[in-house]
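Engineer: Just one file: target-v3.txt, with compact mmCIF, C-alpha atoms and all ligand atoms.
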# COMPACT_ATOMS: atom_id res chain seq x y z
CA MET M 14 35.32 -12.95 -21.58
CA ASN M 15 35.75 -15.76 -19.09
CA VAL M 16 37.16 -19.12 -20.07
CA TRP M 17 33.88 -21.02 -19.72
CA ARG M 18 32.16 -18.58 -22.01
CA ARG M 19 34.91 -19.18 -24.62
CA ILE M 20 34.51 -22.94 -24.33
CA ILE M 21 30.71 -22.72 -24.63
CA ASP M 22 31.00 -20.42 -27.65
CA PHE M 23 33.46 -22.86 -29.24
CA ILE M 24 31.18 -25.88 -28.75
CA LEU M 25 27.87 -24.07 -29.25
CA PRO M 26 28.63 -20.86 -31.13
CA PRO M 27 25.86 -18.24 -31.25
CA ARG M 28 23.90 -18.63 -34.46
CA CYS M 29 21.58 -16.35 -36.40
CA ALA M 30 18.03 -17.18 -35.31
CA MET M 31 16.82 -16.74 -38.88
CA CYS M 32 19.38 -18.48 -41.14
CA GLY M 33 21.53 -20.43 -38.67
CA LYS M 34 24.80 -18.77 -39.73
CA ILE M 35 27.46 -18.62 -36.96
CA LEU M 36 27.66 -15.15 -35.41
CA ARG M 37 30.76 -13.42 -34.08
CA THR M 38 28.68 -11.60 -31.48
CA ASP M 39 25.70 -12.83 -29.51
CA LYS M 40 23.24 -10.34 -31.01
CA GLY M 41 20.75 -12.88 -32.37
CA ILE M 42 20.46 -12.16 -36.11
CA CYS M 43 23.13 -11.81 -38.81
CA ASP M 44 23.55 -8.60 -40.82
CA ASP M 45 22.21 -10.25 -44.00
CA CYS M 46 18.96 -11.18 -42.24
CA ILE M 47 18.63 -7.72 -40.69
CA SER M 48 18.87 -6.22 -44.17
CA GLU M 49 15.90 -8.41 -45.23
CA ILE M 50 13.61 -6.70 -42.70
CA GLU M 51 11.29 -4.09 -44.20
CA PHE M 52 11.70 -1.26 -41.69
CA LEU M 53 8.98 1.37 -41.67
CA SER M 54 10.86 4.55 -42.34
CA SER M 55 9.44 8.03 -42.95
CA PRO M 56 7.04 9.30 -43.97
CA VAL M 57 4.59 7.90 -41.43
CA CYS M 58 1.54 9.53 -39.87
CA TYR M 59 2.74 11.34 -36.73
CA HIS M 60 -0.16 10.01 -34.65
CA CYS M 61 -0.94 6.47 -35.77
CA GLY M 62 2.40 5.58 -37.39
CA GLN M 63 0.76 4.34 -40.59
CA PRO M 64 3.17 4.69 -43.55
CA LEU M 65 1.92 7.40 -45.87
CA MET M 66 1.62 6.91 -49.60
CA ALA M 67 0.47 10.46 -50.02
CA VAL M 68 0.52 13.12 -47.37
CA ASP M 69 -3.08 14.01 -46.49
CA ALA M 70 -2.30 16.88 -44.19
CA VAL M 71 0.45 18.68 -42.37
CA LEU M 72 -0.31 20.04 -38.91
CA HIS M 73 2.36 21.94 -36.95
CA SER M 74 5.00 20.39 -39.25
CA HIS M 75 3.72 16.86 -38.46
CA LEU M 76 2.41 14.69 -41.30
CA LEU M 77 -0.99 13.13 -40.66
CA CYS M 78 -2.99 10.42 -42.44
CA GLY M 79 -6.56 10.84 -43.70
CA GLU M 80 -8.03 9.29 -40.52
CA CYS M 81 -6.02 11.24 -37.98
CA ILE M 82 -6.77 14.61 -39.59
CA LYS M 83 -10.53 14.13 -39.07
CA PRO M 84 -11.67 16.68 -36.48
CA HIS M 85 -13.66 14.22 -34.36
CA HIS M 86 -11.13 11.43 -34.54
CA ARG M 87 -11.05 9.91 -31.06
CA ARG M 88 -7.46 9.42 -30.01
CA LEU M 89 -6.95 6.63 -27.55
CA PHE M 90 -3.21 6.68 -28.17
CA ARG M 91 -1.03 9.73 -28.03
CA LEU M 92 1.33 8.16 -30.60
CA SER M 93 1.60 4.71 -32.15
CA ARG M 94 4.69 3.32 -33.85
CA SER M 95 5.90 0.01 -35.29
CA ALA M 96 9.42 -0.91 -36.31
CA PHE M 97 8.75 -3.01 -39.41
CA ALA M 98 6.08 -4.41 -41.73
CA TYR M 99 4.63 -7.84 -40.90
CA ASP M 100 5.58 -9.90 -43.95
CA ASP M 101 6.73 -13.50 -44.48
CA PHE M 102 10.25 -12.71 -43.32
CA SER M 103 9.40 -10.72 -40.20
CA LYS M 104 6.63 -13.21 -39.36
CA LYS M 105 9.26 -15.93 -38.93
CA LEU M 106 11.35 -13.58 -36.78
CA VAL M 107 8.38 -12.69 -34.55
CA LEU M 108 7.20 -16.30 -34.24
CA ASP M 109 10.74 -17.52 -33.40
CA PHE M 110 10.88 -14.93 -30.65
CA LYS M 111 7.34 -15.55 -29.43
CA PHE M 112 6.91 -19.33 -29.54
CA ARG M 113 10.27 -20.98 -30.25
CA ASP M 114 12.28 -19.88 -27.22
CA HIS M 115 14.52 -17.44 -29.11
CA THR M 116 14.51 -15.16 -26.10
CA GLU M 117 18.10 -14.11 -26.90
CA LEU M 118 16.52 -11.86 -29.56
CA ALA M 119 14.95 -9.61 -26.91
CA ALA M 120 17.95 -7.28 -26.54
CA LEU M 121 18.32 -6.69 -30.28
CA LEU M 122 14.57 -6.31 -30.86
CA ALA M 123 14.36 -3.82 -27.97
CA LYS M 124 17.07 -1.71 -29.66
CA ILE M 125 15.03 -1.81 -32.87
CA LEU M 126 11.95 -0.70 -30.89
CA TYR M 127 13.95 2.06 -29.25
CA VAL M 128 14.82 3.54 -32.65
CA ALA M 129 11.26 3.13 -33.97
CA GLY M 130 9.87 4.92 -30.89
CA ARG M 131 12.04 8.05 -31.08
CA ASP M 132 9.01 10.41 -31.36
CA ILE M 133 7.52 8.75 -28.27
CA TRP M 134 10.70 9.14 -26.17
CA GLU M 135 10.84 12.75 -27.26
CA LEU M 136 7.38 13.39 -25.74
CA GLY M 137 8.37 11.54 -22.56
CA VAL M 138 7.45 8.18 -21.01
CA ASP M 139 7.06 7.42 -17.30
CA LEU M 140 6.22 3.72 -17.40
CA ILE M 141 6.62 0.86 -19.90
CA VAL M 142 3.85 -1.75 -19.77
CA PRO M 143 3.70 -4.91 -21.92
CA VAL M 144 0.47 -6.40 -23.27
CA PRO M 145 -0.06 -9.23 -20.76
CA LEU M 146 -0.77 -12.90 -21.34
CA HIS M 147 -3.38 -14.79 -19.34
CA TYR M 148 -1.56 -16.78 -16.64
CA THR M 149 -2.66 -20.11 -18.16
CA ARG M 150 -1.00 -19.15 -21.44
CA LEU M 151 2.06 -17.84 -19.63
CA ILE M 152 2.51 -21.20 -17.88
CA LYS M 153 2.24 -22.98 -21.23
CA ARG M 154 4.63 -20.66 -23.08
CA LYS M 155 7.00 -20.04 -20.14
CA TYR M 156 7.56 -16.39 -21.02
CA ASN M 157 5.74 -13.35 -22.35
CA GLN M 158 7.62 -11.97 -25.35
CA SER M 159 6.25 -8.45 -24.77
CA SER M 160 7.44 -8.49 -21.15
CA LEU M 161 10.96 -9.36 -22.31
CA LEU M 162 10.88 -6.42 -24.73
CA ALA M 163 9.54 -4.06 -22.04
CA LYS M 164 12.28 -5.12 -19.64
CA GLU M 165 15.04 -4.62 -22.23
CA LEU M 166 13.60 -1.24 -23.26
CA GLY M 167 13.59 -0.26 -19.60
CA LYS M 168 17.32 -1.00 -19.41
CA LEU M 169 18.01 1.01 -22.57
CA THR M 170 16.00 4.06 -21.55
CA ALA M 171 16.18 3.99 -17.73
CA VAL M 172 12.35 4.18 -17.76
CA LYS M 173 10.67 1.81 -15.30
CA SER M 174 8.92 -1.22 -16.79
CA ASP M 175 6.05 -2.89 -14.95
CA ASN M 176 5.05 -6.40 -16.02
CA PHE M 177 2.37 -6.86 -13.37
CA VAL M 178 0.24 -3.74 -13.30
CA LEU M 179 -1.85 -4.65 -16.37
CA ARG M 180 -3.44 -8.09 -16.11
CA LYS M 181 -5.30 -10.28 -18.54
CA ILE M 182 -8.27 -11.39 -16.49
CA ARG M 183 -9.88 -13.89 -18.82
CA ARG M 184 -8.76 -16.22 -21.57
CA THR M 185 -9.42 -15.19 -25.15
CA LYS M 186 -9.09 -16.89 -28.50
CA PRO M 187 -5.98 -15.86 -30.49
CA GLN M 188 -6.98 -12.71 -32.37
CA VAL M 189 -5.66 -14.16 -35.64
CA GLU M 190 -8.42 -16.79 -35.48
CA CYS M 191 -11.16 -14.13 -35.28
CA SER M 192 -12.84 -12.02 -37.92
CA ALA M 193 -12.58 -8.24 -37.57
CA ALA M 194 -16.01 -8.12 -35.88
CA GLN M 195 -15.23 -11.02 -33.52
CA ARG M 196 -11.96 -9.43 -32.44
CA LEU M 197 -13.78 -6.62 -30.63
CA VAL M 198 -15.98 -9.02 -28.67
CA ASN M 199 -13.10 -11.42 -28.06
CA VAL M 200 -10.98 -8.96 -26.06
CA LYS M 201 -13.75 -6.77 -24.61
CA ASN M 202 -13.03 -6.25 -20.89
CA ALA M 203 -10.28 -8.90 -21.02
CA PHE M 204 -7.75 -6.61 -19.30
CA ALA M 205 -7.67 -4.89 -15.92
CA VAL M 206 -5.27 -2.67 -14.03
CA ARG M 207 -4.35 -4.23 -10.73
CA HIS M 208 -2.81 -1.18 -9.03
CA PRO M 209 -4.35 2.02 -10.48
CA GLU M 210 -2.12 4.10 -8.18
CA ARG M 211 0.88 2.88 -10.22
CA ILE M 212 -0.72 4.22 -13.42
CA LYS M 213 -2.39 7.42 -12.27
CA GLY M 214 -1.00 10.53 -13.95
CA LYS M 215 1.66 8.53 -15.81
CA ARG M 216 2.62 8.64 -19.49
CA VAL M 217 2.40 4.93 -20.25
CA LEU M 218 4.05 3.16 -23.18
CA LEU M 219 2.31 -0.06 -24.18
CA ILE M 220 4.51 -2.73 -25.82
CA ASP M 221 3.35 -5.57 -28.07
CA ASP M 222 4.87 -7.72 -30.80
CA VAL M 223 2.44 -7.27 -33.69
CA LEU M 224 -0.21 -4.65 -34.41
CA THR M 225 -2.91 -6.27 -36.57
CA THR M 226 -6.12 -4.26 -36.30
CA GLY M 227 -5.06 -2.70 -33.01
CA THR M 228 -8.06 -4.12 -31.13
CA THR M 229 -6.00 -5.68 -28.33
CA ALA M 230 -3.86 -2.58 -27.92
CA LYS M 231 -6.97 -0.38 -27.84
CA GLU M 232 -8.58 -2.55 -25.17
CA CYS M 233 -5.40 -2.33 -23.06
CA ALA M 234 -5.25 1.43 -23.59
CA THR M 235 -8.88 1.77 -22.48
CA SER M 236 -8.07 -0.03 -19.20
CA LEU M 237 -4.97 2.11 -18.67
CA ARG M 238 -6.84 5.36 -19.37
CA ARG M 239 -9.66 4.32 -17.02
CA ALA M 240 -7.04 3.72 -14.34
CA GLY M 241 -5.93 7.33 -14.74
CA ALA M 242 -3.02 7.16 -17.21
CA LYS M 243 -2.20 10.66 -18.44
CA SER M 244 -1.45 9.30 -21.91
CA VAL M 245 -0.87 5.95 -23.62
CA ASP M 246 1.50 5.37 -26.54
CA CYS M 247 1.78 2.10 -28.42
CA LEU M 248 5.02 0.61 -29.74
CA THR M 249 5.11 -2.71 -31.58
CA LEU M 250 7.74 -4.64 -33.47
CA ALA M 251 5.62 -5.34 -36.53
CA ARG M 252 2.53 -3.88 -38.16
CA VAL M 253 0.17 -5.69 -40.52
CA MET M 254 -0.09 -3.50 -43.61
CA HIS M 255 -3.69 -3.10 -44.76
ZN ZN M 301 20.90 -14.76 -40.77
ZN ZN M 302 -2.83 8.48 -38.75
Please lay out the structure from this file as structure tokens.

Structural biologist:
Amino acid sequence: MNVWRRIIDFILPPRCAMCGKILRTDKGICDDCISEIEFLSSPVCYHCGQPLMAVDAVLHSHLLCGECIKPHHRRLFRLSRSAFAYDDFSKKLVLDFKFRDHTELAALLAKILYVAGRDIWELGVDLIVPVPLHYTRLIKRKYNQSSLLAKELGKLTAVKSDNFVLRKIRRTKPQVECSAAQRLVNVKNAFAVRHPERIKGKRVLLIDDVLTTGTTAKECATSLRRAGAKSVDCLTLARVMH
């Protein structure tokens, strides 16, 4: 560690983004706060990642939920996974990362995503794509939290990440301000693939921070599939439990 780094750490030691406790390493959150996170561990539905209260079906040794076992269930995503439940604690974590400039959390959160996405890595991924922000929102916020995660995941996995191929082509209201019915209309045709040749035939992994009803992710996946993606998986930090 160089001398300047030691001086900076002495004057401004790294602190836990959640509780403010001084950290010995620069990882972003203390161990006590990590233990507060409600990680979504097995059993989850192999396809949609929804935690299972009761196992509805087992297909080729994979557990499936009641929705995914339906024969005509249309699968936009190959697999979908989330690392933890969206509750009061994780909400603060996600909002700190998203709006309050706690970008130092990206490396740790990407590691958490990496573990949550183990079934996805097993099937293979060719390209990591974040859910984009409209450029007007990007200017206002200065960074796209999902792009930071995609970039860090790229470093961890040696899979290419592309922050420019999927574009948000019109402004939308925040999905949290919309009813379930409005959400569909709100994001309809809001995304476009700028260079379809960069998507064609690829197994694409879509990255976002929170999965609420999945409407945004589905709209992105539709654009990616139209552009010729071989498959689309979805990996998010948090999932709203219904
Ligand atoms: Zn803490
Ligand atoms: Zn399912």

Engineer: What does the structure give for the distance between atom CA of Thr170 of chain M and atom CA of Ser55 of chain M, in Å to one decimal?

Structural biologist: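 Between atom CA of Thr170 of chain M and atom CA of Ser55 of chain M the gap works out to 22.7 Å.
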
Engineer: Looking at only C-alpha atoms, which of M:Ala205, M:Gly137, M:Val189, M:Arg150 is the one that sits closest to Phe177 of chain M?

Structural biologist: M:Ala205

Engineer: I'd like the contact shell of Cys61 of chain M - 12 Å cut-off, all atoms listed in the file, skipping same-chain residues fewer than 3 positions apart - returned as a PyMOL selection string.

Structural biologist: chain M and resi 56-58+64-65+75-82+86-95+130+132-133+224+226-227+246-249+252

Engineer: Output the neighbourhood of ligand ZN 301 (chain M) as a PDB file with C-alpha atoms, in the coordinates of the input, that is, all protein and nucleic acid residues with some atom at most 7 Å from the ligand, counting only C-alpha atoms and all ligand atoms.

Structural biologist:
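Full text of selection_12.pdb as output:
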ATOM      1  CA  CYS M  29      21.580 -16.350 -36.400  1.00  0.00           C
ATOM      2  CA  ALA M  30      18.030 -17.180 -35.310  1.00  0.00           C
ATOM      3  CA  MET M  31      16.820 -16.740 -38.880  1.00  0.00           C
ATOM      4  CA  CYS M  32      19.380 -18.480 -41.140  1.00  0.00           C
ATOM      5  CA  GLY M  33      21.530 -20.430 -38.670  1.00  0.00           C
ATOM      6  CA  LYS M  34      24.800 -18.770 -39.730  1.00  0.00           C
ATOM      7  CA  ILE M  42      20.460 -12.160 -36.110  1.00  0.00           C
ATOM      8  CA  CYS M  43      23.130 -11.810 -38.810  1.00  0.00           C
ATOM      9  CA  ASP M  44      23.550  -8.600 -40.820  1.00  0.00           C
ATOM     10  CA  ASP M  45      22.210 -10.250 -44.000  1.00  0.00           C
ATOM     11  CA  CYS M  46      18.960 -11.180 -42.240  1.00  0.00           C
TER      12      CYS M  46
END

Engineer: As a list in words, please: the residues near Ala120 of chain M (cut-off 8 Å, only C-alpha atoms, same-chain neighbours under 4 positions excluded).

Structural biologist: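 Here the answer would be Lys40, Lys124, Leu162 and Glu165 of chain M.
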
Engineer: To one decimal place in Å, what is the distance between atom CA of Lys243 of chain M and atom CA of Leu218 of chain M?

Structural biologist: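 Computing it gives 10.9 Å between the two atoms.
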
Engineer: Kindly give the distance, in Å, that separates atom CA of Met254 of chain M and atom CA of Leu169 of chain M, rounded to a single decimal.

Structural biologist: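 Interatomic distance here is 28.1 Å.
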
Engineer: So, counting only C-alpha atoms and all ligand atoms, which residue among M:Thr38, M:Gln63, M:Ser48, M:Arg184 is closest to ligand ZN 302 (chain M)?

Structural biologist: M:Gln63

Engineer: Which residue gives the smallest distance to ligand ZN 302 (chain M) among M:Glu49, M:Asp222, M:Met66, M:Leu151, with all atoms listed in the file counted?

Structural biologist: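 Of the candidates, the smallest distance to ligand ZN 302 (chain M) is held by M:Met66.
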
Engineer: At most 12 Å from (-11.6, 3.2, -20.2), file frame, all atoms listed in the file: which residues, as number ranges by chain?

Structural biologist: M: 89, 201-202, 204-206, 231-242, 244-245

Engineer: Go through M:Gly41, M:Gly62, M:Pro27, M:Gly214 one by one, measure the shortest atom-to-atom distance of each to ligand ZN 302 (chain M) using all atoms listed in the file, and give the residue with the smallest value.

Structural biologist: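 When distances to ligand ZN 302 (chain M) are compared using all atoms listed in the file, the smallest one comes from M:Gly62.
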
Engineer: Considering all atoms listed in the file, can you say which of M:Ile20, M:Asn15, M:Tyr59, M:Leu25 comes closest to ligand ZN 302 (chain M)?

Structural biologist: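 Going through M:Ile20, M:Asn15, M:Tyr59, M:Leu25 one by one, the smallest distance to ligand ZN 302 (chain M) is for M:Tyr59.
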
Engineer: Counting all atoms listed in the file, which residue out of M:Ser74, M:Arg211, M:Cys191, M:Leu250 sits closest to Ser159 of chain M?

Structural biologist: M:Leu250

Engineer: List the neighbours of Ser174 of chain M out to 7 Å using all atoms listed in the file; skip same-chain residues closer than 6 positions along the sequence, and give me the result as a list of chain:residue names.

Structural biologist: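 Final neighbour list, sorted by chain and number: M:Leu140, M:Ile141, M:Val142, M:Ala163, M:Lys164, M:Gly167.
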
Engineer: Just the residues within 12 Å of Arg113 of chain M, please, counting only C-alpha atoms, with nothing from its chain fewer than 3 positions along; format it as a PyMOL selection string.

Structural biologist: chain M and resi 30-31+105-110+116-118+154-158
